[in-house]
Number of protein chains: 2
Amino acid sequence: METFEAIKGRRSIRKYKKEKLPRQDLEKILEAGIWAPSGSNAQPWQFFVIDNNELIKKIMVIAPGIFNLPAAMIIVCRDMERAFSLVGELGRDVISLMDISMASQNMMIEAYDLGIGSCPVRSFGISALKILLNFPEHISPELIIALGYPEEFLPAPERRKLDEVVFWYGN
Amino acid sequence: METFEAIKGRRSIRKYKKEKLPRQDLEKILEAGIWAPSGSNAQPWQFFVIDNNELIKKIMVIAPGIFNLPAAMIIVCRDMERAFSLVGELGRDVISLMDISMASQNMMIEAYDLGIGSCPVRSFGISALKILLNFPEHISPELIIALGYPEEFLPAPERRKLDEVVFWYGN
């Protein structure tokens with residue numbers, strides 16, 4: 001698919017078919033993630049892939065932003081130790097969050113390109129998720145990307161117009 | 001260009017040709033930005049496009065992360081008031097930063113697709129930039145995307161391998 005078509009066509013998909021996702025597609029989505037830029041090339045990310053329905057259901061209990069069972073989830077985490085040791089306080093507190101967000105966007109675009117729906121979800125209990133998945137202290141889950149073949153296609157929510165959000169300081 | 005090719009081929013480009021960028025290409029890059037997802041669909045972004053060399057040079061004085069004159073810059077900002085009023089404290093403090101980072105990644109991928117090099121820069125004085133550009137208090141510049149036709153192509157910095165950053169909780 002053409003790049004712009006994928007960027008513009010991607011939607012947040014919230015209802016998924018039961019069908020599981022091929023491992024090779026998940027790997028390609030993850031591969032897209034690691035090609036994001038990162039401050040000082042720290043690559044302060046870790047990705048946890050869940051495609052076990054029982055575990056997905058447990059996570060849904062603490063993630064009220066997910067209403068329907070996805071086929072898989074990628075839990076996008078910051079490695080706070082790595083970010084701090086390579087980029088300092090600003091890296092740990094700010095830049096690493098930007099890095100993993102860019103990686104997430106790569107993954108959602110690539111998923112769409114493969115015919116797979118995605119939805120970024122931030123409304124979950126970070127501490128509860130860390131306990132559930134037994135994450136070490138320095139691994140901070142920041143985003144759940146829910147994934148699955150789309151069960152429904154809704155129209156895109158309206159976008160603010162370019163002339164409302166863009167300001168030109170031209171020649 | 002194919003989506004995955006654009007995602008994987010994008011590089012941070014730090015040396016630019018003098019040639020200016022066509023307005024229609026800049027508009028397409030910005031259009032890619034506004035198709036990013038955002039928490040609660042708040043779209044808490046504002047984009048300031050600078051392609052006046054004198055102003056670019058003034059910005060470079062307070063942006064030590066930019067060594068060579070870019071043809072243009074997009075200053076990606078958060079609208080803190082909008083984020084807070086639509087998404088609350090978590091929106092203002094965290095989610096809006098993720099939103100504008102995803103929009104930035106869209107723009108950098110689309111720039112690459114158009115043959116335009118980009119580099120995300122976070123090392124600049126936020127307060128100084130706000131004063132220089134006369135931003136209102138609630139508009140917070142978070143990232144400068146430097147843009148220009150590439151003057152040089154360097155090999156990609158090494159990526160951490162998938163099996164170092166990906167963990168599977170499979171069936």
# chains A, B, ... in the order shown; residues from 1 in each chain; ligands from 1
>>> select_by_dssp(residues="chain B", states="alpha helix (DSSP H)", output="PyMOL selection string")
chain B and resi 3-9+23-34+53-61+80-90+96-113+126-133+162-165
>>> residues_around(residues="A:Ser12", least_positions_apart="6", cutoff="12 Å", atoms="only C-alpha atoms", output="VMD selection string")
(chain A and resid 66 105 108 to 109 111 to 112 116 to 121 145 to 157) or (chain B and resid 35 to 41)
>>> write_last_selection(atoms="C-alpha atoms", output="PDB file, in the first residue's frame")
ATOM      1  CA  ILE A  66     -10.770  -2.017  25.779  1.00  0.00           C
ATOM      2  CA  GLN A 105       2.602   4.870  15.292  1.00  0.00           C
ATOM      3  CA  MET A 108      -0.226   0.880  13.789  1.00  0.00           C
ATOM      4  CA  ILE A 109       0.430   2.100  10.261  1.00  0.00           C
ATOM      5  CA  ALA A 111      -0.724  -3.143  10.893  1.00  0.00           C
ATOM      6  CA  TYR A 112      -3.187  -1.259   8.706  1.00  0.00           C
ATOM      7  CA  ILE A 116      -4.983  -5.565  10.680  1.00  0.00           C
ATOM      8  CA  GLY A 117      -6.917  -3.126  12.848  1.00  0.00           C
ATOM      9  CA  SER A 118      -5.337  -1.449  15.851  1.00  0.00           C
ATOM     10  CA  CYS A 119      -6.289   0.804  18.705  1.00  0.00           C
ATOM     11  CA  PRO A 120      -3.923   2.669  21.039  1.00  0.00           C
ATOM     12  CA  VAL A 121      -5.157   2.512  24.620  1.00  0.00           C
ATOM     13  CA  ILE A 145      -1.968  -1.490  21.184  1.00  0.00           C
ATOM     14  CA  ALA A 146      -4.992  -3.732  20.726  1.00  0.00           C
ATOM     15  CA  LEU A 147      -4.867  -5.662  17.443  1.00  0.00           C
ATOM     16  CA  GLY A 148      -7.203  -7.780  15.379  1.00  0.00           C
ATOM     17  CA  TYR A 149      -8.912  -8.135  12.043  1.00  0.00           C
ATOM     18  CA  PRO A 150     -11.587  -5.419  11.949  1.00  0.00           C
ATOM     19  CA  GLU A 151     -15.122  -6.526  12.748  1.00  0.00           C
ATOM     20  CA  GLU A 152     -16.504  -3.145  11.717  1.00  0.00           C
ATOM     21  CA  PHE A 153     -15.378  -0.128   9.764  1.00  0.00           C
ATOM     22  CA  LEU A 154     -16.596   3.184  11.092  1.00  0.00           C
ATOM     23  CA  PRO A 155     -16.089   6.519   9.381  1.00  0.00           C
ATOM     24  CA  ALA A 156     -13.045   8.503  10.472  1.00  0.00           C
ATOM     25  CA  PRO A 157     -13.728  10.933  13.317  1.00  0.00           C
TER      26      PRO A 157
ATOM     27  CA  TRP B  35      -4.289  11.836  10.552  1.00  0.00           C
ATOM     28  CA  ALA B  36      -2.518  10.532  13.637  1.00  0.00           C
ATOM     29  CA  PRO B  37      -4.709   9.121  16.394  1.00  0.00           C
ATOM     30  CA  SER B  38      -5.136  11.143  19.575  1.00  0.00           C
ATOM     31  CA  GLY B  39      -6.493  10.348  23.007  1.00  0.00           C
ATOM     32  CA  SER B  40     -10.248  11.080  23.128  1.00  0.00           C
ATOM     33  CA  ASN B  41      -9.768  12.489  19.602  1.00  0.00           C
TER      34      ASN B  41
END
>>> interface_residues(of="chain A", to="chain B", cutoff="7 Å", atoms="only C-alpha atoms", output="ChimeraX atom specification")
/A:1-4,6-8,32,34-35,45-52,97-98,101-102,105-106,110,113,159,165-171
>>> write_last_selection(atoms="N, CA and C atoms", output="compact mmCIF listing (two decimals), in the first residue's frame")
# COMPACT_ATOMS: atom_id res chain seq x y z
N MET A 1 0.85 -1.19 0.00
CA MET A 1 0.00 0.00 0.00
C MET A 1 0.88 1.24 0.00
N GLU A 2 0.43 2.29 -0.67
CA GLU A 2 1.17 3.54 -0.67
C GLU A 2 1.21 4.14 0.75
N THR A 3 2.31 4.75 1.07
CA THR A 3 2.53 5.29 2.42
C THR A 3 1.41 6.23 2.86
N PHE A 4 1.09 7.20 2.01
CA PHE A 4 0.10 8.20 2.41
C PHE A 4 -1.27 7.56 2.60
N ALA A 6 -1.80 4.55 3.66
CA ALA A 6 -1.79 3.86 4.96
C ALA A 6 -1.92 4.86 6.11
N ILE A 7 -1.20 5.98 6.01
CA ILE A 7 -1.27 6.99 7.07
C ILE A 7 -2.69 7.53 7.20
N LYS A 8 -3.30 7.79 6.04
CA LYS A 8 -4.62 8.42 6.07
C LYS A 8 -5.74 7.41 6.31
N ALA A 32 8.52 -2.87 12.19
CA ALA A 32 8.22 -1.46 11.88
C ALA A 32 8.48 -0.59 13.11
N ILE A 34 10.66 -0.93 15.56
CA ILE A 34 12.06 -0.66 15.94
C ILE A 34 12.77 0.25 14.94
N TRP A 35 12.11 0.60 13.84
CA TRP A 35 12.71 1.55 12.89
C TRP A 35 12.31 2.99 13.16
N TRP A 45 12.84 1.10 24.23
CA TRP A 45 11.55 0.42 24.20
C TRP A 45 11.65 -1.07 24.48
N GLN A 46 10.56 -1.58 25.01
CA GLN A 46 10.36 -3.03 25.07
C GLN A 46 8.92 -3.30 24.68
N PHE A 47 8.72 -4.38 23.97
CA PHE A 47 7.39 -4.73 23.46
C PHE A 47 7.01 -6.11 23.98
N PHE A 48 5.84 -6.18 24.61
CA PHE A 48 5.35 -7.46 25.12
C PHE A 48 4.13 -7.85 24.28
N VAL A 49 4.22 -8.97 23.64
CA VAL A 49 3.17 -9.41 22.74
C VAL A 49 2.33 -10.47 23.44
N ILE A 50 1.02 -10.20 23.51
CA ILE A 50 0.12 -11.13 24.20
C ILE A 50 -0.87 -11.65 23.17
N ASP A 51 -0.88 -12.95 22.93
CA ASP A 51 -2.00 -13.42 22.10
C ASP A 51 -2.72 -14.62 22.72
N ASN A 52 -2.54 -14.76 24.00
CA ASN A 52 -3.24 -15.78 24.77
C ASN A 52 -4.54 -15.16 25.30
N LEU A 97 9.22 8.84 26.15
CA LEU A 97 7.78 8.72 25.88
C LEU A 97 7.49 9.09 24.42
N MET A 98 8.22 10.06 23.90
CA MET A 98 8.06 10.43 22.50
C MET A 98 8.56 9.29 21.60
N SER A 101 6.16 6.44 21.46
CA SER A 101 4.95 6.83 20.73
C SER A 101 5.18 6.77 19.22
N MET A 102 6.36 7.20 18.80
CA MET A 102 6.69 7.12 17.37
C MET A 102 6.77 5.66 16.92
N GLN A 105 3.25 4.42 16.53
CA GLN A 105 2.60 4.87 15.29
C GLN A 105 3.09 4.05 14.10
N ASN A 106 4.40 3.80 14.03
CA ASN A 106 4.92 2.92 12.98
C ASN A 106 4.17 1.59 12.98
N GLU A 110 1.76 0.11 10.00
CA GLU A 110 2.13 -1.15 9.35
C GLU A 110 1.02 -2.19 9.53
N ASP A 113 -1.53 -1.53 7.00
CA ASP A 113 -1.00 -1.95 5.69
C ASP A 113 -1.18 -3.45 5.49
N ARG A 159 -11.48 15.47 11.48
CA ARG A 159 -10.20 16.10 11.79
C ARG A 159 -10.35 17.60 11.81
N VAL A 165 -4.95 24.44 12.57
CA VAL A 165 -3.84 23.96 13.40
C VAL A 165 -2.46 24.26 12.82
N VAL A 166 -2.42 24.82 11.61
CA VAL A 166 -1.13 25.11 10.97
C VAL A 166 -0.95 26.62 10.82
N PHE A 167 0.24 27.09 11.17
CA PHE A 167 0.55 28.51 11.07
C PHE A 167 1.85 28.64 10.29
N TRP A 168 1.83 29.49 9.29
CA TRP A 168 2.97 29.62 8.38
C TRP A 168 3.77 30.88 8.70
N TYR A 169 5.07 30.69 8.85
CA TYR A 169 5.99 31.83 8.94
C TYR A 169 6.82 31.80 7.65
N GLY A 170 6.22 32.18 6.55
CA GLY A 170 6.87 32.00 5.25
C GLY A 170 7.80 33.13 4.89
N ASN A 171 8.34 33.04 3.68
CA ASN A 171 9.20 34.10 3.18
C ASN A 171 8.36 35.28 2.71
>>> atom_distance(atom1="atom CA of A:Ser96", atom2="atom CA of B:Ile131")
26.1 Å
>>> atom_distance(atom1="atom CA of A:Ser127", atom2="atom CA of A:Asn68")
22.2 Å
>>> residues_around(residues="A:Lys130", least_positions_apart="4", cutoff="10 Å", atoms="only C-alpha atoms", output="PDB file with N, CA and C atoms, in the first residue's frame")
ATOM      1  N   GLY A 125      -4.470   0.573  34.288  1.00  0.00           N
ATOM      2  CA  GLY A 125      -3.709   0.768  35.512  1.00  0.00           C
ATOM      3  C   GLY A 125      -2.274   0.316  35.315  1.00  0.00           C
ATOM      4  N   ILE A 126      -1.358   1.270  35.302  1.00  0.00           N
ATOM      5  CA  ILE A 126       0.048   0.946  35.043  1.00  0.00           C
ATOM      6  C   ILE A 126       0.587   0.008  36.128  1.00  0.00           C
ATOM      7  N   ASN A 134       4.355  -9.123  35.951  1.00  0.00           N
ATOM      8  CA  ASN A 134       5.624  -9.345  36.647  1.00  0.00           C
ATOM      9  C   ASN A 134       6.782  -8.572  35.999  1.00  0.00           C
ATOM     10  N   PHE A 135       6.493  -7.319  35.623  1.00  0.00           N
ATOM     11  CA  PHE A 135       7.544  -6.478  35.038  1.00  0.00           C
ATOM     12  C   PHE A 135       8.502  -6.017  36.126  1.00  0.00           C
ATOM     13  N   PRO A 136       9.776  -5.904  35.791  1.00  0.00           N
ATOM     14  CA  PRO A 136      10.703  -5.286  36.747  1.00  0.00           C
ATOM     15  C   PRO A 136      10.363  -3.804  36.927  1.00  0.00           C
ATOM     16  N   GLU A 137      10.867  -3.227  38.020  1.00  0.00           N
ATOM     17  CA  GLU A 137      10.530  -1.866  38.406  1.00  0.00           C
ATOM     18  C   GLU A 137      10.770  -0.860  37.264  1.00  0.00           C
ATOM     19  N   ILE A 139      10.673  -1.133  34.051  1.00  0.00           N
ATOM     20  CA  ILE A 139       9.929  -1.288  32.788  1.00  0.00           C
ATOM     21  C   ILE A 139       8.526  -0.730  32.990  1.00  0.00           C
ATOM     22  N   SER A 140       8.230   0.353  32.276  1.00  0.00           N
ATOM     23  CA  SER A 140       6.980   1.076  32.493  1.00  0.00           C
ATOM     24  C   SER A 140       6.060   0.942  31.277  1.00  0.00           C
ATOM     25  N   PRO A 141       4.943   0.235  31.431  1.00  0.00           N
ATOM     26  CA  PRO A 141       4.017   0.106  30.295  1.00  0.00           C
ATOM     27  C   PRO A 141       3.293   1.431  30.071  1.00  0.00           C
TER      28      PRO A 141
END
>>> select_by_dssp(residues="chain B", states="strand (DSSP E or B)", output="ChimeraX atom specification")
/B:2,12,16,45-50,72-79,117-121,139-148,150,166-169
>>> atom_distance(atom1="atom CA of A:Ala71", atom2="atom CA of A:Lys15")
10.0 Å
>>> decode(residues="stretch 136-165 of chain B", atoms="N, CA and C atoms", output="CSV table (one decimal), in the first residue's frame")
chain,number,residue,atom,x,y,z
B,136,PRO,N,1.5,32.0,22.8
B,136,PRO,CA,0.8,32.2,24.0
B,136,PRO,C,1.2,31.1,25.1
B,137,GLU,N,0.9,31.4,26.3
B,137,GLU,CA,1.4,30.6,27.4
B,137,GLU,C,1.0,29.1,27.2
B,138,HIS,N,-0.2,28.8,26.7
B,138,HIS,CA,-0.7,27.4,26.7
B,138,HIS,C,-0.1,26.6,25.5
B,139,ILE,N,0.6,27.2,24.6
B,139,ILE,CA,1.2,26.5,23.4
B,139,ILE,C,2.6,26.1,23.7
B,140,SER,N,2.9,24.8,23.9
B,140,SER,CA,4.2,24.4,24.3
B,140,SER,C,4.9,23.6,23.2
B,141,PRO,N,6.0,24.2,22.7
B,141,PRO,CA,6.7,23.6,21.6
B,141,PRO,C,7.5,22.4,22.1
B,142,GLU,N,7.3,21.2,21.5
B,142,GLU,CA,7.8,20.0,22.1
B,142,GLU,C,8.9,19.3,21.1
B,143,LEU,N,8.8,19.6,19.9
B,143,LEU,CA,9.7,19.0,18.9
B,143,LEU,C,9.9,19.9,17.7
B,144,ILE,N,11.1,20.1,17.3
B,144,ILE,CA,11.4,20.7,16.0
B,144,ILE,C,11.7,19.6,15.0
B,145,ILE,N,10.9,19.6,13.9
B,145,ILE,CA,11.2,18.7,12.8
B,145,ILE,C,12.0,19.5,11.8
B,146,ALA,N,13.3,19.3,11.6
B,146,ALA,CA,14.0,20.0,10.6
B,146,ALA,C,13.8,19.2,9.3
B,147,LEU,N,13.7,20.0,8.2
B,147,LEU,CA,13.3,19.4,6.9
B,147,LEU,C,14.2,19.9,5.8
B,148,GLY,N,14.5,19.1,4.8
B,148,GLY,CA,15.3,19.6,3.6
B,148,GLY,C,15.6,18.4,2.7
B,149,TYR,N,15.9,18.7,1.5
B,149,TYR,CA,16.4,17.6,0.6
B,149,TYR,C,17.8,17.2,1.2
B,150,PRO,N,18.0,15.9,1.3
B,150,PRO,CA,19.2,15.3,1.9
B,150,PRO,C,20.5,15.7,1.1
B,151,GLU,N,21.5,16.2,1.9
B,151,GLU,CA,22.8,16.5,1.3
B,151,GLU,C,23.7,15.3,1.4
B,152,GLU,N,23.4,14.4,2.3
B,152,GLU,CA,24.1,13.2,2.4
B,152,GLU,C,23.3,12.1,3.0
B,153,PHE,N,23.6,10.8,2.6
B,153,PHE,CA,22.9,9.7,3.1
B,153,PHE,C,23.9,8.8,3.9
B,154,LEU,N,23.6,8.7,5.1
B,154,LEU,CA,24.5,7.9,6.0
B,154,LEU,C,23.8,6.6,6.3
B,155,PRO,N,24.6,5.5,6.6
B,155,PRO,CA,23.9,4.3,6.9
B,155,PRO,C,23.1,4.4,8.2
B,156,ALA,N,22.1,3.5,8.3
B,156,ALA,CA,21.2,3.6,9.4
B,156,ALA,C,22.0,3.2,10.7
B,157,PRO,N,21.8,4.0,11.8
B,157,PRO,CA,22.4,3.5,13.0
B,157,PRO,C,21.8,2.1,13.4
B,158,GLU,N,22.6,1.3,14.0
B,158,GLU,CA,22.2,-0.1,14.3
B,158,GLU,C,21.0,-0.1,15.1
B,159,ARG,N,20.1,-1.1,14.9
B,159,ARG,CA,19.0,-1.3,15.7
B,159,ARG,C,19.2,-2.4,16.6
B,160,ARG,N,18.6,-2.3,17.8
B,160,ARG,CA,18.6,-3.4,18.7
B,160,ARG,C,17.8,-4.5,18.1
B,161,LYS,N,18.2,-5.7,18.2
B,161,LYS,CA,17.6,-6.9,17.5
B,161,LYS,C,16.2,-7.1,18.2
B,162,LEU,N,15.3,-7.7,17.3
B,162,LEU,CA,13.9,-7.9,17.8
B,162,LEU,C,14.0,-8.8,19.1
B,163,ASP,N,14.8,-9.8,19.1
B,163,ASP,CA,14.8,-10.7,20.2
B,163,ASP,C,15.3,-10.1,21.5
B,164,GLU,N,15.9,-8.9,21.4
B,164,GLU,CA,16.4,-8.2,22.6
B,164,GLU,C,15.3,-7.3,23.2
B,165,VAL,N,14.3,-6.9,22.3
B,165,VAL,CA,13.3,-6.0,22.8
B,165,VAL,C,11.9,-6.5,22.8
